[in-house]
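Have a look at the structure below before the remarks.
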Amino acid sequence: MVIITTKKPVDEVLNVLKDNNARKLFLVSCGVCSALCQTGGEEGLVEWKEILENEGYDIVNGIVVDDVCDNREMAKVVRKNDADVQEADSIITLSCGLGVQSIVQVLSKKYPEKNVFVTNNTEFMGMTERIGRFYMRCQGCGDCLLNETGGICPITTCAKSLMNGPCGGMVNEKCEVGNYEKDCGWVLIYNRLKEIGRLDLFSKLRDPVDWSESGHQREVVWR
Amino acid sequence: MAEKKVYSKLGEMLANGEFILTGELEPEKTCDLSHTIQEAKEIAPYVVAANVTDSPLGIVTINSMAASHIIQKEAGLEVIWQLTVRDVNKLGIAGMIMGGHALGLRNVLSLTGDHPALGDMPESKPVFDLDSATLIRLVKDMVDKGTINGHEIENPPTLHVGAAANPNSDPMGAEILKIGRKAEAGCEFIQTQVVYDLDRTIEFLSEIKKYNVPILLGIFPMKSYGMAKGFDTFVPGVDVPKDILAKWKSIKTEFKDDKKEQKRLYDQANYEFFKPFISELKKKGLLAGVHCMAVHYPRIFPKLMEVIKA
Ligand code: SF4
Ligand code: SF4
């Protein structure tokens, strides 16, 4: 599993830096997911260094970190590079939204005045077919239905996240959303359940998704 | 089973097993419903009730609950209030069901609704908290048990709830099982998508007969060649047969200078196509009636009435 990111337009990032009067930058690039998505890693770092230097920014330092999204790892990085962090007015993060917030959280104790900016848009947690082909197949709903839907997620593969599809928007197995180019998730589920001889599961009237526990700063805390 | 309760003319006629005709009204992006009210008055002598659409194709129109109420009041025609789960969460929909009842609505058609991405406010949040089956169950709980989510309603609503079905759906098996879910949820009538293929329709209706829900067959009489062609091109999943298109085209070209005759021939051609189609299904005991989805074509209704009565 990878958190899939894409690059923000360079101008969008440059405008943000300008708006915030950033001058001295410390770059942190994700060496795992964003490296795979070619939005971070060593290559991304080199690319952004060049862009920013050409724009006249002072690059204090730039490093690749394996787990930007791990608070412990980031705390270590900040400790090790304390002088550089202190000198920089802003941190530029080449990572997903988790990485950025991890840095914000870690820095907020010692350096609450430092800005943290991001160069990427976070798309979804993705399944990799090959590099350059990533697919959203799970939205982490917290109550996995795959045991009842033949291993195909209705929340993700149905454009309306319906619990009782297919809807009237399905034509020849395709979905109305996106010009009938994508498979209707509920037809995928139907075909799969048929294959495994479990159409009884397809016949089941399903309850709506229970939203009472979802959506607000969800956490998993077991120690 | 206890005797079926009846809350509307539609409910009553379905319970009596009368072969009925329903129509369709499509309010637009306007706050003035006078055109729709006029059309409702014109079809009122022929239909038991008429559907009032809820922003079809995701193109925003006047709210269907408000329009339903006004049309019913001003035109004196019972309505089938179309309600999609696209725009409102279940908390909101439960409130709307009570509101709809308070406004005098007695029939509601549960629909998923076209995705906002298809319409003219594509950046809207798609809600779909319920789906077309769980909306039916919500209404049935409110009406039959007088509860919402187990909580008592002081004065519960009384409405009949219906659903849509699509005989053109492929794979048909998935659609059939889905109708099974709607029936389980308590669906009281079904209106089908427009169909032109008789064999397919027979197969489909025979399959869903087991669910014991009265079926109104969706038809679309075509007012002109342009309408027929447009329907064929723009309604996904429904193909107007080639011979119909050819016939309508010939009426258009051969009588382009005699509009009156052209109209007469279009009406006649609709009659000739739909009469045997409907009679066949009626004879087989597969239908409870017909739902005519052609809007802005009120003059066809007397002819449709002949078909229904035949
Ligand atoms: S049901 Fe879908 S979204 Fe929920 S956990 Fe399972 S795969 Fe993920
Ligand atoms: S066509 Fe299928 S995938 Fe698309 S919204 Fe309807 S049920 Fe979901």
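Every chain in the structure tokens takes a letter, A first, then B, and so on in the order presented; its residues are numbered from 1, and the ligands are numbered from 1 following the presented order.
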
Kindly provide, as a short mmCIF file (atom, residue, chain, number, x, y, z; two decimals) with C-alpha atoms, in the first residue's frame, the residues of chain B having any atom no farther than 8 Å from an atom of chain A, counting only C-alpha atoms.
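Now in part.cif:
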data_model
loop_
_atom_site.label_atom_id
_atom_site.label_comp_id
_atom_site.auth_asym_id
_atom_site.auth_seq_id
_atom_site.Cartn_x
_atom_site.Cartn_y
_atom_site.Cartn_z
CA THR B 112 -31.09 7.02 -6.41
CA ASP B 114 -28.25 10.89 -11.25
CA HIS B 115 -24.82 11.75 -9.91
CA ALA B 117 -21.13 15.12 -11.77
CA LEU B 118 -23.54 14.68 -14.70
CA PRO B 126 -22.86 13.72 -3.69
CA VAL B 127 -24.74 12.57 -0.58
CA PHE B 128 -26.22 9.09 -1.18
CA ASP B 129 -26.43 8.42 2.55
CA LEU B 130 -29.38 6.15 1.79
CA ASP B 131 -29.94 4.27 -1.45
CA SER B 132 -33.16 3.59 -3.31
CA ALA B 133 -33.85 0.44 -1.25
CA THR B 134 -33.09 1.84 2.20
CA ALA B 165 -36.79 -0.81 -12.30
CA ASN B 166 -34.87 -1.09 -15.53
CA SER B 169 -30.40 -3.44 -17.49
CA ASP B 170 -27.51 -5.71 -18.40
CA PRO B 171 -26.71 -7.93 -16.51
CA ALA B 174 -28.24 -8.03 -10.93
CA GLU B 175 -31.25 -5.79 -11.56
CA LEU B 177 -31.98 -9.29 -7.35
CA LYS B 178 -31.92 -5.58 -6.64
CA GLY B 180 -35.89 -8.27 -4.71
CA ARG B 181 -34.20 -6.03 -2.15
CA LYS B 182 -36.61 -3.20 -2.88
CA GLU B 184 -38.14 -6.80 0.78
CA ALA B 185 -37.85 -3.19 1.91
CA PRO B 236 -28.07 5.87 -22.24
CA GLY B 237 -29.07 2.25 -22.37
#

| field | Shell of 8 Å around ligand 1 (only C-alpha atoms and all ligand atoms), written as a ChimeraX atom specification | value | /A:137-146,151-156

Residues from last step as file, N, CA, C and O atoms, as a compact mmCIF listing (two decimals), in the first residue's frame:
# COMPACT_ATOMS: atom_id res chain seq x y z
N ARG A 137 -8.74 1.68 -4.14
CA ARG A 137 -9.62 0.52 -4.01
C ARG A 137 -10.19 0.39 -2.60
O ARG A 137 -10.99 -0.49 -2.35
N CYS A 138 -9.74 1.25 -1.70
CA CYS A 138 -10.22 1.21 -0.33
C CYS A 138 -10.17 2.62 0.23
O CYS A 138 -9.23 3.34 -0.03
N GLN A 139 -11.20 3.00 0.95
CA GLN A 139 -11.20 4.34 1.55
C GLN A 139 -11.08 4.30 3.06
O GLN A 139 -11.36 5.29 3.73
N GLY A 140 -10.73 3.13 3.57
CA GLY A 140 -10.54 3.03 5.02
C GLY A 140 -11.78 3.42 5.79
O GLY A 140 -11.75 4.30 6.64
N CYS A 141 -12.89 2.74 5.48
CA CYS A 141 -14.16 3.17 6.07
C CYS A 141 -14.29 2.75 7.53
O CYS A 141 -15.14 3.24 8.25
N GLY A 142 -13.44 1.81 7.96
CA GLY A 142 -13.50 1.41 9.36
C GLY A 142 -14.45 0.26 9.65
O GLY A 142 -14.59 -0.15 10.81
N ASP A 143 -15.13 -0.23 8.63
CA ASP A 143 -16.05 -1.35 8.86
C ASP A 143 -16.07 -2.17 7.57
O ASP A 143 -17.01 -2.10 6.79
N CYS A 144 -15.02 -2.94 7.36
CA CYS A 144 -14.79 -3.53 6.04
C CYS A 144 -15.86 -4.54 5.64
O CYS A 144 -16.23 -5.43 6.39
N LEU A 145 -16.36 -4.36 4.43
CA LEU A 145 -17.46 -5.17 3.91
C LEU A 145 -16.98 -6.26 2.97
O LEU A 145 -17.77 -7.02 2.43
N LEU A 146 -15.67 -6.33 2.73
CA LEU A 146 -15.17 -7.17 1.65
C LEU A 146 -15.54 -8.65 1.80
O LEU A 146 -15.69 -9.35 0.81
N GLY A 151 -14.89 -9.51 -2.08
CA GLY A 151 -13.56 -8.90 -2.11
C GLY A 151 -13.49 -7.65 -2.98
O GLY A 151 -12.39 -7.22 -3.34
N ILE A 152 -14.64 -7.10 -3.33
CA ILE A 152 -14.64 -5.85 -4.12
C ILE A 152 -15.38 -4.79 -3.30
O ILE A 152 -16.47 -5.04 -2.80
N CYS A 153 -14.76 -3.62 -3.17
CA CYS A 153 -15.29 -2.62 -2.24
C CYS A 153 -16.36 -1.75 -2.89
O CYS A 153 -16.07 -1.01 -3.83
N PRO A 154 -17.60 -1.80 -2.38
CA PRO A 154 -18.65 -0.96 -2.97
C PRO A 154 -18.45 0.52 -2.66
O PRO A 154 -18.80 1.38 -3.45
N ILE A 155 -17.86 0.79 -1.51
CA ILE A 155 -17.67 2.19 -1.12
C ILE A 155 -16.74 2.89 -2.11
O ILE A 155 -16.93 4.05 -2.44
N THR A 156 -15.78 2.16 -2.60
CA THR A 156 -14.78 2.76 -3.48
C THR A 156 -15.11 2.56 -4.96
O THR A 156 -14.92 3.47 -5.76

| task | Would you list the contacts of Ala67 of chain B as a list in words, taking every protein, DNA or RNA residue within 9 Å and counting only C-alpha atoms, but skipping same-chain residues closer than 4 positions in sequence? | result |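 Once the adjacent positions are removed, what remains is Pro27, Leu33, Val52, Thr53, Ile62, Asn63, Ile71, Gln72 and Trp81 of chain B.
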
Export of prior selection with N, CA and C atoms as a compact mmCIF listing (two decimals), in the first residue's frame:
# COMPACT_ATOMS: atom_id res chain seq x y z
N PRO B 27 -40.90 19.79 -13.73
CA PRO B 27 -40.70 21.21 -13.44
C PRO B 27 -39.27 21.61 -13.80
N LEU B 33 -44.56 27.87 -11.68
CA LEU B 33 -44.93 26.54 -12.18
C LEU B 33 -46.12 26.57 -13.14
N VAL B 52 -43.62 13.79 -10.35
CA VAL B 52 -42.99 15.11 -10.42
C VAL B 52 -41.50 14.89 -10.17
N THR B 53 -40.69 15.21 -11.16
CA THR B 53 -39.29 14.81 -11.13
C THR B 53 -38.44 15.65 -10.17
N ILE B 62 -36.51 23.46 -9.65
CA ILE B 62 -37.26 23.75 -8.43
C ILE B 62 -37.43 22.45 -7.64
N ASN B 63 -37.35 22.55 -6.34
CA ASN B 63 -37.46 21.40 -5.45
C ASN B 63 -38.73 20.57 -5.70
N ILE B 71 -48.42 21.68 -7.58
CA ILE B 71 -49.13 21.08 -8.72
C ILE B 71 -50.40 20.37 -8.24
N GLN B 72 -50.24 19.60 -7.17
CA GLN B 72 -51.40 18.85 -6.65
C GLN B 72 -52.53 19.82 -6.25
N TRP B 81 -44.54 11.89 -5.92
CA TRP B 81 -43.40 12.76 -5.62
C TRP B 81 -42.11 11.96 -5.79

| query | If you count only C-alpha atoms, which residues fall within 12 Å of segment 239-253 of chain B, apart from same-chain ones fewer than 2 positions away, as number ranges by chain? | reply | A: 171; B: 168, 193-198, 219-237, 255-270, 272-274

| task | Using only C-alpha atoms, pick whichever of A:Ser102, A:Thr119, A:Asn54, A:Gln86 has the shortest atom-to-atom distance to Glu73 of chain A. | result |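 Answer, going by the shortest atom-to-atom distance: A:Ser102.
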
| request: For segment 291-305 of chain B, work out the shell of residues within 9 Å, counting only C-alpha atoms and skipping chain neighbours fewer than 4 positions away, then give it as a ChimeraX atom specification. | output: /B:20-26,36,39-40,42-43,45-47,50-51,191-194,216-223,267-268,270-271,274-275,309-310

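Of the residues under consideration (B:Val85, B:Ile37, B:Val6, B:Cys31), B:Val85 shows the shortest atom-to-atom contact distance to ligand 2 when counting only C-alpha atoms and all ligand atoms.
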
| DSSP-assigned helix (DSSP H, G or I) among segment 15-211 of chain A, expressed as a VMD selection string | chain A and resid 15 to 19 33 to 36 41 to 54 71 to 80 82 to 87 97 to 110 146 to 148 154 to 157 185 to 195 199 to 203

| task | Excluding Leu17 of chain A and any residue of its chain fewer than 6 positions from it, enumerate the residues within 9 Å of it, using only C-alpha atoms, and give them as a ChimeraX atom specification. | result | /A:23,90,117

| request: Quick one: pick out all strand (DSSP E) residues within segment 66-212 of chain A from a backbone DSSP run and write them as a ChimeraX atom specification. | output: /A:90-94,115-118,120-130,133-136

| For ligand 2, which residue among B:Leu111, B:Ile202, B:Ala183, B:Ile97 is the nearest when counting only C-alpha atoms and all ligand atoms? | B:Leu111

| field | Exercise: Asn81 of chain A partners within 12 Å, only C-alpha atoms, chain neighbours under 5 positions left out, as a list in words | value | Phe26, Leu27, Val28, Val60, Asn61, Gly62, Ile63, Met74, Ala75, Lys76, Gln86, Glu87 and Ala88 of chain A

Since we have the selection now, will you write its residues out, keeping all heavy atoms, as a compact mmCIF listing (two decimals), in the first residue's frame?
# COMPACT_ATOMS: atom_id res chain seq x y z
N PHE A 26 14.34 24.61 4.52
CA PHE A 26 14.86 23.28 4.85
C PHE A 26 13.92 22.28 4.16
O PHE A 26 12.73 22.29 4.41
CB PHE A 26 14.84 23.10 6.37
CG PHE A 26 15.45 21.81 6.85
CD1 PHE A 26 16.72 21.80 7.43
CD2 PHE A 26 14.76 20.61 6.74
CE1 PHE A 26 17.28 20.60 7.88
CE2 PHE A 26 15.32 19.42 7.18
CZ PHE A 26 16.58 19.41 7.76
N LEU A 27 14.48 21.46 3.26
CA LEU A 27 13.63 20.55 2.49
C LEU A 27 13.64 19.14 3.08
O LEU A 27 14.71 18.58 3.35
CB LEU A 27 14.12 20.49 1.04
CG LEU A 27 13.60 21.55 0.06
CD1 LEU A 27 13.91 22.95 0.55
CD2 LEU A 27 14.16 21.32 -1.34
N VAL A 28 12.44 18.57 3.26
CA VAL A 28 12.34 17.18 3.73
C VAL A 28 11.57 16.39 2.68
O VAL A 28 10.42 16.71 2.36
CB VAL A 28 11.59 17.10 5.08
CG1 VAL A 28 11.48 15.65 5.53
CG2 VAL A 28 12.31 17.92 6.14
N VAL A 60 18.89 25.89 3.06
CA VAL A 60 19.74 25.61 4.21
C VAL A 60 20.21 24.16 4.19
O VAL A 60 21.37 23.85 4.43
CB VAL A 60 18.99 25.91 5.53
CG1 VAL A 60 19.86 25.56 6.72
CG2 VAL A 60 18.55 27.37 5.56
N ASN A 61 19.25 23.27 3.87
CA ASN A 61 19.59 21.85 3.79
C ASN A 61 18.43 21.12 3.11
O ASN A 61 17.33 21.65 3.02
CB ASN A 61 19.82 21.27 5.20
CG ASN A 61 20.56 19.92 5.16
OD1 ASN A 61 20.82 19.38 4.07
ND2 ASN A 61 20.90 19.41 6.33
N GLY A 62 18.73 19.92 2.62
CA GLY A 62 17.68 19.09 2.03
C GLY A 62 17.98 17.64 2.31
O GLY A 62 19.10 17.18 2.06
N ILE A 63 17.02 16.91 2.88
CA ILE A 63 17.30 15.50 3.22
C ILE A 63 16.13 14.61 2.80
O ILE A 63 14.99 15.06 2.67
CB ILE A 63 17.53 15.32 4.74
CG1 ILE A 63 16.34 15.91 5.54
CG2 ILE A 63 18.84 15.95 5.18
CD1 ILE A 63 16.37 15.52 6.99
N MET A 74 10.57 11.71 12.65
CA MET A 74 10.72 13.15 12.40
C MET A 74 11.38 13.85 13.59
O MET A 74 12.18 14.77 13.41
CB MET A 74 9.36 13.79 12.08
CG MET A 74 8.94 13.71 10.63
SD MET A 74 10.28 13.93 9.43
CE MET A 74 10.83 15.58 9.77
N ALA A 75 11.03 13.39 14.79
CA ALA A 75 11.63 14.01 15.99
C ALA A 75 13.14 13.81 15.95
O ALA A 75 13.92 14.72 16.25
CB ALA A 75 11.04 13.40 17.24
N LYS A 76 13.54 12.61 15.52
CA LYS A 76 14.98 12.28 15.40
C LYS A 76 15.63 13.20 14.38
O LYS A 76 16.70 13.76 14.60
CB LYS A 76 15.13 10.82 14.95
CG LYS A 76 15.81 9.94 15.99
CD LYS A 76 16.15 8.57 15.40
CE LYS A 76 15.02 7.58 15.64
NZ LYS A 76 15.11 6.36 14.84
N GLN A 86 16.86 25.38 12.86
CA GLN A 86 16.83 26.68 13.55
C GLN A 86 17.07 27.82 12.57
O GLN A 86 16.41 28.86 12.62
CB GLN A 86 17.90 26.69 14.64
CG GLN A 86 17.57 27.63 15.76
CD GLN A 86 18.52 27.42 16.93
OE1 GLN A 86 19.37 26.53 16.94
NE2 GLN A 86 18.37 28.24 17.93
N GLU A 87 17.99 27.58 11.65
CA GLU A 87 18.34 28.64 10.70
C GLU A 87 17.23 28.90 9.67
O GLU A 87 16.98 30.03 9.26
CB GLU A 87 19.65 28.26 9.98
CG GLU A 87 20.23 29.46 9.24
CD GLU A 87 21.36 29.07 8.29
OE1 GLU A 87 21.97 28.00 8.53
OE2 GLU A 87 21.59 29.82 7.33
N ALA A 88 16.57 27.82 9.27
CA ALA A 88 15.52 27.95 8.24
C ALA A 88 14.30 28.66 8.81
O ALA A 88 13.98 28.51 9.99
CB ALA A 88 15.14 26.57 7.73

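The smallest atom-to-atom distance between Gln38 of chain A and any of A:Val77, A:Val116, A:Leu14, A:Ile131, using only C-alpha atoms, is found for A:Ile131.
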
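For the set A:Asn20, A:Thr157, A:Asn120, A:Ser214, the residue with the smallest atom-to-atom gap to ligand 2 is A:Thr157, counting only C-alpha atoms and all ligand atoms.
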
| message | Ranking A:Ile59, A:Lys182, A:Gln217, A:Arg198 by minimum distance to ligand 2 and counting only C-alpha atoms and all ligand atoms, which one comes first? | response | A:Lys182

| atom CA of Ser55 of chain B and atom CA of Val108 of chain B, how far apart in Å? | 15.0 Å
